[in-house]
file model.csv (CSV, C-alpha atoms and all ligand atoms)
chain,number,residue,atom,x,y,z
K,6,MET,CA,-41.9,-18.0,20.0
K,7,ALA,CA,-43.5,-20.5,22.4
K,8,MET,CA,-41.7,-21.0,25.7
K,9,PRO,CA,-40.4,-24.5,26.1
K,10,LYS,CA,-42.7,-26.6,28.4
K,11,LYS,CA,-41.5,-27.1,31.9
K,12,ARG,CA,-40.7,-30.7,32.6
K,13,VAL,CA,-42.8,-32.0,35.6
K,14,ALA,CA,-42.4,-35.1,37.7
K,15,VAL,CA,-45.5,-36.3,39.6
K,16,LEU,CA,-44.7,-38.2,42.7
K,17,ILE,CA,-47.3,-40.7,43.9
K,18,SER,CA,-47.8,-43.5,46.3
K,19,GLY,CA,-51.3,-44.8,45.4
K,20,ARG,CA,-54.2,-44.6,42.9
K,21,GLY,CA,-53.0,-41.4,41.2
K,22,SER,CA,-56.3,-39.6,40.4
K,23,ASN,CA,-54.6,-36.2,40.8
K,24,MET,CA,-51.8,-37.4,38.7
K,25,ALA,CA,-54.3,-38.3,36.0
K,26,SER,CA,-55.9,-34.8,36.1
K,27,LEU,CA,-52.4,-33.3,35.6
K,28,ILE,CA,-51.7,-35.7,32.7
K,29,ALA,CA,-55.0,-34.8,31.1
K,30,ALA,CA,-54.4,-31.0,31.4
K,31,ALA,CA,-50.9,-31.3,30.1
K,32,LYS,CA,-52.1,-32.8,26.9
K,33,ASN,CA,-53.4,-29.4,25.8
K,34,ASP,CA,-51.0,-27.7,23.3
K,35,GLY,CA,-51.1,-24.4,25.2
K,36,TYR,CA,-50.4,-25.9,28.6
K,37,PRO,CA,-47.0,-24.7,29.9
K,38,ALA,CA,-45.9,-28.0,31.4
K,39,GLU,CA,-45.5,-31.6,30.3
K,40,ILE,CA,-45.6,-34.6,32.6
K,41,ALA,CA,-42.2,-36.0,31.9
K,42,LEU,CA,-42.2,-38.6,34.6
K,43,VAL,CA,-44.4,-40.3,37.2
K,44,LEU,CA,-42.3,-41.5,40.1
K,45,SER,CA,-43.7,-43.8,42.9
K,46,ASN,CA,-42.1,-45.0,46.2
K,47,ARG,CA,-44.4,-48.0,46.0
K,48,PRO,CA,-43.9,-50.6,43.2
K,49,ASP,CA,-47.5,-51.6,43.4
K,50,ALA,CA,-49.1,-48.1,43.2
K,51,ALA,CA,-52.1,-48.3,40.9
K,52,GLY,CA,-51.2,-44.9,39.4
K,53,LEU,CA,-48.1,-46.4,37.7
K,54,ALA,CA,-50.2,-48.5,35.3
K,55,ARG,CA,-52.5,-45.6,34.8
K,56,ALA,CA,-49.6,-43.4,33.8
K,57,GLN,CA,-48.1,-46.0,31.5
K,58,SER,CA,-51.4,-46.4,29.7
K,59,GLN,CA,-51.2,-42.7,28.9
K,60,GLY,CA,-47.7,-43.2,27.5
K,61,ILE,CA,-46.0,-41.5,30.4
K,62,THR,CA,-42.5,-42.6,31.6
K,63,THR,CA,-42.6,-44.1,35.1
K,64,ALA,CA,-40.0,-45.0,37.7
K,65,VAL,CA,-40.0,-46.5,41.2
K,66,VAL,CA,-37.7,-45.7,44.1
K,67,ASP,CA,-38.9,-48.2,46.7
K,68,HIS,CA,-38.4,-46.5,50.1
K,69,THR,CA,-38.4,-49.9,52.0
K,70,ARG,CA,-35.0,-50.6,50.5
K,71,TYR,CA,-33.4,-47.7,52.4
K,72,GLY,CA,-34.6,-48.7,55.9
K,73,LYS,CA,-34.6,-45.7,58.2
K,74,ASP,CA,-32.2,-43.7,56.0
K,75,ARG,CA,-34.5,-41.0,54.6
K,76,GLU,CA,-31.8,-39.1,53.0
K,77,ALA,CA,-30.4,-42.1,51.1
K,78,PHE,CA,-34.0,-42.7,49.7
K,79,GLU,CA,-34.2,-39.0,48.8
K,80,ARG,CA,-30.8,-39.0,47.1
K,81,ALA,CA,-32.0,-41.8,45.0
K,82,LEU,CA,-35.2,-39.8,44.2
K,83,GLN,CA,-33.0,-36.8,43.3
K,84,ASP,CA,-30.8,-38.9,41.0
K,85,VAL,CA,-33.9,-40.0,39.0
K,86,LEU,CA,-35.3,-36.5,38.9
K,87,THR,CA,-32.0,-35.1,37.7
K,88,ALA,CA,-31.6,-37.9,35.1
K,89,HIS,CA,-35.0,-36.8,33.6
K,90,CYS,CA,-34.1,-33.1,33.6
K,91,ILE,CA,-37.1,-32.2,35.8
K,92,ASP,CA,-37.9,-28.5,36.4
K,93,LEU,CA,-40.9,-28.9,38.7
K,94,VAL,CA,-42.2,-31.6,41.2
K,95,CYS,CA,-45.8,-32.2,42.0
K,96,LEU,CA,-46.6,-34.3,45.0
K,97,ALA,CA,-49.9,-36.1,44.4
K,98,GLY,CA,-50.7,-38.5,47.2
K,99,PHE,CA,-47.0,-39.1,47.9
K,100,MET,CA,-47.0,-40.5,51.4
K,101,ARG,CA,-43.4,-39.8,52.6
K,102,LEU,CA,-42.3,-37.0,54.8
K,103,LEU,CA,-39.5,-35.1,53.2
K,104,THR,CA,-36.3,-33.9,54.8
K,105,PRO,CA,-35.2,-30.3,54.8
K,106,TRP,CA,-32.4,-31.4,52.4
K,107,PHE,CA,-34.8,-32.6,49.7
K,108,VAL,CA,-37.2,-29.7,50.2
K,109,GLY,CA,-34.3,-27.3,49.9
K,110,GLN,CA,-33.3,-28.9,46.5
K,111,TRP,CA,-36.8,-28.0,45.2
K,112,GLN,CA,-37.5,-24.7,47.0
K,113,GLY,CA,-40.1,-22.8,45.0
K,114,ARG,CA,-40.3,-25.7,42.5
K,115,MET,CA,-42.3,-28.3,44.4
K,116,LEU,CA,-46.1,-28.3,44.9
K,117,ASN,CA,-48.4,-30.5,47.0
K,118,ILE,CA,-52.1,-31.0,47.1
K,119,HIS,CA,-53.8,-31.3,50.5
K,120,PRO,CA,-57.5,-32.3,51.0
K,121,ALA,CA,-58.4,-29.4,53.3
K,122,LEU,CA,-58.4,-25.6,53.5
K,123,LEU,CA,-55.0,-25.1,54.9
K,124,PRO,CA,-54.0,-24.0,57.5
K,125,GLU,CA,-57.0,-26.0,58.8
K,126,PHE,CA,-56.6,-29.8,59.1
K,127,LYS,CA,-53.0,-30.5,58.3
K,128,GLY,CA,-52.0,-34.1,58.3
K,129,LEU,CA,-54.1,-37.2,57.7
K,130,HIS,CA,-57.9,-38.0,58.0
K,131,THR,CA,-58.9,-34.5,57.1
K,132,HIS,CA,-62.5,-35.4,56.1
K,133,GLU,CA,-63.2,-37.2,59.3
K,134,ARG,CA,-61.7,-34.4,61.3
K,135,ALA,CA,-63.7,-31.7,59.3
K,136,LEU,CA,-66.9,-33.6,60.0
K,137,ALA,CA,-66.1,-34.0,63.7
K,138,ALA,CA,-65.3,-30.3,64.0
K,139,GLY,CA,-68.7,-29.5,62.4
K,140,VAL,CA,-67.3,-27.1,59.8
K,141,LYS,CA,-69.7,-25.9,57.1
K,142,THR,CA,-67.0,-25.4,54.5
K,143,HIS,CA,-64.1,-27.7,53.7
K,144,GLY,CA,-62.0,-27.9,50.6
K,145,ALA,CA,-58.6,-28.4,49.0
K,146,THR,CA,-55.3,-26.5,48.8
K,147,VAL,CA,-52.3,-26.5,46.5
K,148,HIS,CA,-49.2,-25.1,48.1
K,149,PHE,CA,-45.5,-24.9,47.7
K,150,VAL,CA,-43.7,-27.4,49.8
K,151,SER,CA,-41.7,-26.1,52.8
K,152,SER,CA,-39.9,-28.2,55.3
K,153,GLU,CA,-42.8,-28.1,57.7
K,154,MET,CA,-45.5,-30.5,56.7
K,155,ASP,CA,-48.6,-29.1,54.9
K,156,SER,CA,-47.3,-25.5,55.2
K,157,GLY,CA,-45.6,-23.3,52.7
K,158,PRO,CA,-47.1,-20.6,50.4
K,159,ILE,CA,-50.6,-21.3,49.1
K,160,VAL,CA,-51.1,-21.3,45.3
K,161,ALA,CA,-54.7,-22.2,45.0
K,162,GLN,CA,-57.7,-23.2,47.2
K,163,ALA,CA,-61.2,-24.4,46.4
K,164,GLU,CA,-64.0,-24.4,49.0
K,165,VAL,CA,-66.4,-27.3,49.1
K,166,PRO,CA,-69.7,-27.3,51.1
K,167,VAL,CA,-70.2,-29.9,53.9
K,168,LEU,CA,-73.7,-31.2,53.3
K,169,PRO,CA,-76.2,-32.8,55.8
K,170,GLY,CA,-75.6,-36.5,56.0
K,171,ASP,CA,-72.1,-36.4,54.7
K,172,THR,CA,-69.8,-39.2,55.6
K,173,PRO,CA,-66.0,-39.0,55.3
K,174,GLU,CA,-66.4,-40.9,51.9
K,175,THR,CA,-69.1,-38.6,50.4
K,176,LEU,CA,-67.1,-35.5,51.5
K,177,ALA,CA,-63.9,-36.9,50.2
K,178,ALA,CA,-65.4,-37.5,46.8
K,179,ARG,CA,-66.7,-33.9,46.6
K,180,VAL,CA,-63.3,-32.5,47.7
K,181,LEU,CA,-61.5,-34.8,45.2
K,182,GLU,CA,-63.5,-33.2,42.3
K,183,ALA,CA,-62.2,-29.8,43.5
K,184,GLU,CA,-58.7,-31.2,43.8
K,185,HIS,CA,-58.8,-32.3,40.2
K,186,ARG,CA,-59.9,-28.8,39.1
K,187,ILE,CA,-57.4,-26.7,41.1
K,188,TYR,CA,-54.2,-28.8,40.7
K,189,PRO,CA,-53.9,-28.3,37.0
K,190,GLN,CA,-54.7,-24.6,37.4
K,191,ALA,CA,-52.1,-24.2,40.1
K,192,LEU,CA,-49.4,-26.0,38.1
K,193,ARG,CA,-50.2,-23.8,35.0
K,194,GLN,CA,-49.8,-20.7,37.1
K,195,VAL,CA,-46.5,-21.9,38.6
K,196,ALA,CA,-45.1,-23.2,35.3
K,197,GLU,CA,-45.8,-19.9,33.7
K,198,THR,CA,-44.0,-17.9,36.4
K,199,ILE,CA,-40.8,-19.9,37.2
K,201,LIG,C1,-55.7,-36.8,47.6
K,201,LIG,O1,-56.8,-36.6,48.4
K,201,LIG,C2,-54.6,-35.7,48.0
K,201,LIG,O2,-55.2,-34.5,48.3
K,201,LIG,C3,-54.0,-36.4,49.1
K,201,LIG,O3,-53.9,-37.7,48.9
K,201,LIG,C4,-55.0,-38.1,48.0
K,201,LIG,C5,-54.3,-38.7,46.8
K,201,LIG,O4,-55.3,-39.2,45.9
K,201,LIG,N1,-52.7,-35.7,49.4
K,201,LIG,P1,-54.9,-39.6,44.4
K,201,LIG,O5,-53.8,-40.7,44.5
K,201,LIG,O6,-54.4,-38.4,43.7
K,201,LIG,O7,-56.1,-40.2,43.8

call {"tool": "encode", "arguments": {"input": "model.csv", "output": "structure tokens"}}
result
Amino acid sequence: MAMPKKRVAVLISGRGSNMASLIAAAKNDGYPAEIALVLSNRPDAAGLARAQSQGITTAVVDHTRYGKDREAFERALQDVLTAHCIDLVCLAGFMRLLTPWFVGQWQGRMLNIHPALLPEFKGLHTHERALAAGVKTHGATVHFVSSEMDSGPIVAQAEVPVLPGDTPETLAARVLEAEHRIYPQALRQVAETI
């Protein structure tokens, strides 16, 4: 008998290209996860319309309504995730730092994608920093989320060459292709094992 598919929420803040790659992968019959929800902290995130056009349920929890109270925002997120019976969370360009409380709720069940070969280049502006450092190889990482930013056990990585003449934009585009390849693979692996 086929295992029931894991119910995944993808959390976004922007364009949602990684979200779209997860939605596309999850359309396959044999894929062990379904995208049950796309949740944005920004009402104007372009990814919301993209998800809706694919028939995916969307929700918004606008962080600006909670002021400085991060936990109140996260409790609202948690209520939505609970209401949709979510098993796994995928952060995909979700631009909020998460408290230990929220991270603890999803220990071993929350993934993030980061546009660098962690532990190199945590944080923002990874492509600029990789070029400035003169590395020959850059890439992308999918990892479990732990309470320290851009840390936590690594699930998948892809290396990408830095080419002569690269700008942050050309490098970002090459890394993004790798992101779109490894995130669905990493989610498959985790959904099959939890
Ligand atoms: C990606 O580069 C991802 O690695 C980073 O934020 C970007 C989000 O892009 N965390 P998109 O919204 O998935 O297109």

call {"tool": "residues_around", "arguments": {"input": "model.csv", "residues": "stretch 183-188 of chain K", "least_positions_apart": "6", "cutoff": "8 Å", "atoms": "all atoms listed in the file", "output": "MDAnalysis selection string"}}
result
chainID K and resid 22:23 26:27 118 120 144:147 161:165

call {"tool": "write_last_selection", "arguments": {"input": "model.csv", "atoms": "C-alpha atoms", "output": "compact mmCIF listing (two decimals), in the coordinates of the input"}}
result
# COMPACT_ATOMS: atom_id res chain seq x y z
CA SER K 22 -56.30 -39.60 40.40
CA ASN K 23 -54.60 -36.20 40.80
CA SER K 26 -55.90 -34.80 36.10
CA LEU K 27 -52.40 -33.30 35.60
CA ILE K 118 -52.10 -31.00 47.10
CA PRO K 120 -57.50 -32.30 51.00
CA GLY K 144 -62.00 -27.90 50.60
CA ALA K 145 -58.60 -28.40 49.00
CA THR K 146 -55.30 -26.50 48.80
CA VAL K 147 -52.30 -26.50 46.50
CA ALA K 161 -54.70 -22.20 45.00
CA GLN K 162 -57.70 -23.20 47.20
CA ALA K 163 -61.20 -24.40 46.40
CA GLU K 164 -64.00 -24.40 49.00
CA VAL K 165 -66.40 -27.30 49.10

call {"tool": "residues_around", "arguments": {"input": "model.csv", "residues": "K:Leu136", "least_positions_apart": "5", "cutoff": "12 Å", "atoms": "all atoms listed in the file", "output": "number ranges by chain"}}
result
K: 121, 126, 130-131, 141-143, 166-177

call {"tool": "atom_distance", "arguments": {"input": "model.csv", "atom1": "atom CA of K:Ala137", "atom2": "atom CA of K:Leu122"}}
result
15.3 Å

call {"tool": "atom_distance", "arguments": {"input": "model.csv", "atom1": "atom CA of K:Leu93", "atom2": "atom CA of K:Ile17"}}
result
14.4 Å

call {"tool": "residues_around", "arguments": {"input": "model.csv", "residues": "stretch 62-73 of chain K", "least_positions_apart": "3", "cutoff": "7 Å", "atoms": "all atoms listed in the file", "output": "MDAnalysis selection string"}}
result
chainID K and resid 41:48 53 57 77:78 81:82

call {"tool": "closest_residue", "arguments": {"input": "model.csv", "among": "K:Ala25, K:Ala30, K:Ile61, K:Val15", "to": "K:Cys95", "atoms": "only C-alpha atoms"}}
result
K:Val15

call {"tool": "closest_residue", "arguments": {"input": "model.csv", "among": "K:Gly98, K:Gln110, K:Glu125, K:Ala29", "to": "ligand LIG 201 (chain K)", "atoms": "only C-alpha atoms and all ligand atoms"}}
result
K:Gly98

call {"tool": "decode", "arguments": {"input": "model.csv", "residues": "stretch 12-28 of chain K", "atoms": "N, CA, C and O atoms", "output": "tab-separated table (two decimals), in the first residue's frame"}}
result
chain	number	residue	atom	x	y	z
K	12	ARG	N	2.20	16.22	4.18
K	12	ARG	CA	1.61	17.51	3.85
K	12	ARG	C	2.63	18.62	4.15
K	12	ARG	O	3.05	18.80	5.29
K	13	VAL	N	3.01	19.33	3.08
K	13	VAL	CA	4.09	20.31	3.17
K	13	VAL	C	3.53	21.73	3.05
K	13	VAL	O	2.67	21.99	2.20
K	14	ALA	N	4.02	22.63	3.90
K	14	ALA	CA	3.78	24.06	3.73
K	14	ALA	C	5.08	24.70	3.25
K	14	ALA	O	6.14	24.45	3.83
K	15	VAL	N	4.98	25.50	2.20
K	15	VAL	CA	6.14	26.26	1.71
K	15	VAL	C	5.96	27.70	2.17
K	15	VAL	O	4.93	28.32	1.89
K	16	LEU	N	6.95	28.19	2.91
K	16	LEU	CA	6.89	29.57	3.44
K	16	LEU	C	7.75	30.48	2.57
K	16	LEU	O	8.94	30.20	2.36
K	17	ILE	N	7.13	31.54	2.06
K	17	ILE	CA	7.80	32.44	1.13
K	17	ILE	C	7.65	33.90	1.59
K	17	ILE	O	6.78	34.22	2.41
K	18	SER	N	8.50	34.74	0.99
K	18	SER	CA	8.33	36.19	1.15
K	18	SER	C	8.34	36.91	-0.19
K	18	SER	O	8.06	38.12	-0.22
K	19	GLY	N	8.70	36.21	-1.27
K	19	GLY	CA	8.92	36.92	-2.53
K	19	GLY	C	8.44	36.17	-3.75
K	19	GLY	O	7.32	35.67	-3.78
K	20	ARG	N	9.34	36.06	-4.74
K	20	ARG	CA	8.90	35.58	-6.07
K	20	ARG	C	8.53	34.10	-6.08
K	20	ARG	O	7.73	33.66	-6.90
K	21	GLY	N	9.17	33.29	-5.23
K	21	GLY	CA	8.73	31.90	-5.11
K	21	GLY	C	9.17	30.97	-6.21
K	21	GLY	O	8.44	30.04	-6.56
K	22	SER	N	10.38	31.15	-6.75
K	22	SER	CA	10.81	30.22	-7.79
K	22	SER	C	11.16	28.85	-7.19
K	22	SER	O	10.89	27.81	-7.82
K	23	ASN	N	11.72	28.83	-6.00
K	23	ASN	CA	11.95	27.52	-5.35
K	23	ASN	C	10.63	26.86	-5.00
K	23	ASN	O	10.47	25.64	-5.15
K	24	MET	N	9.69	27.64	-4.53
K	24	MET	CA	8.34	27.13	-4.27
K	24	MET	C	7.78	26.46	-5.52
K	24	MET	O	7.24	25.35	-5.45
K	25	ALA	N	7.94	27.12	-6.68
K	25	ALA	CA	7.41	26.57	-7.93
K	25	ALA	C	8.09	25.25	-8.27
K	25	ALA	O	7.44	24.33	-8.79
K	26	SER	N	9.39	25.13	-7.97
K	26	SER	CA	10.07	23.87	-8.28
K	26	SER	C	9.56	22.75	-7.37
K	26	SER	O	9.45	21.60	-7.80
K	27	LEU	N	9.21	23.08	-6.14
K	27	LEU	CA	8.64	22.07	-5.24
K	27	LEU	C	7.23	21.68	-5.69
K	27	LEU	O	6.87	20.49	-5.67
K	28	ILE	N	6.45	22.67	-6.11
K	28	ILE	CA	5.09	22.37	-6.60
K	28	ILE	C	5.18	21.44	-7.81
K	28	ILE	O	4.43	20.46	-7.92
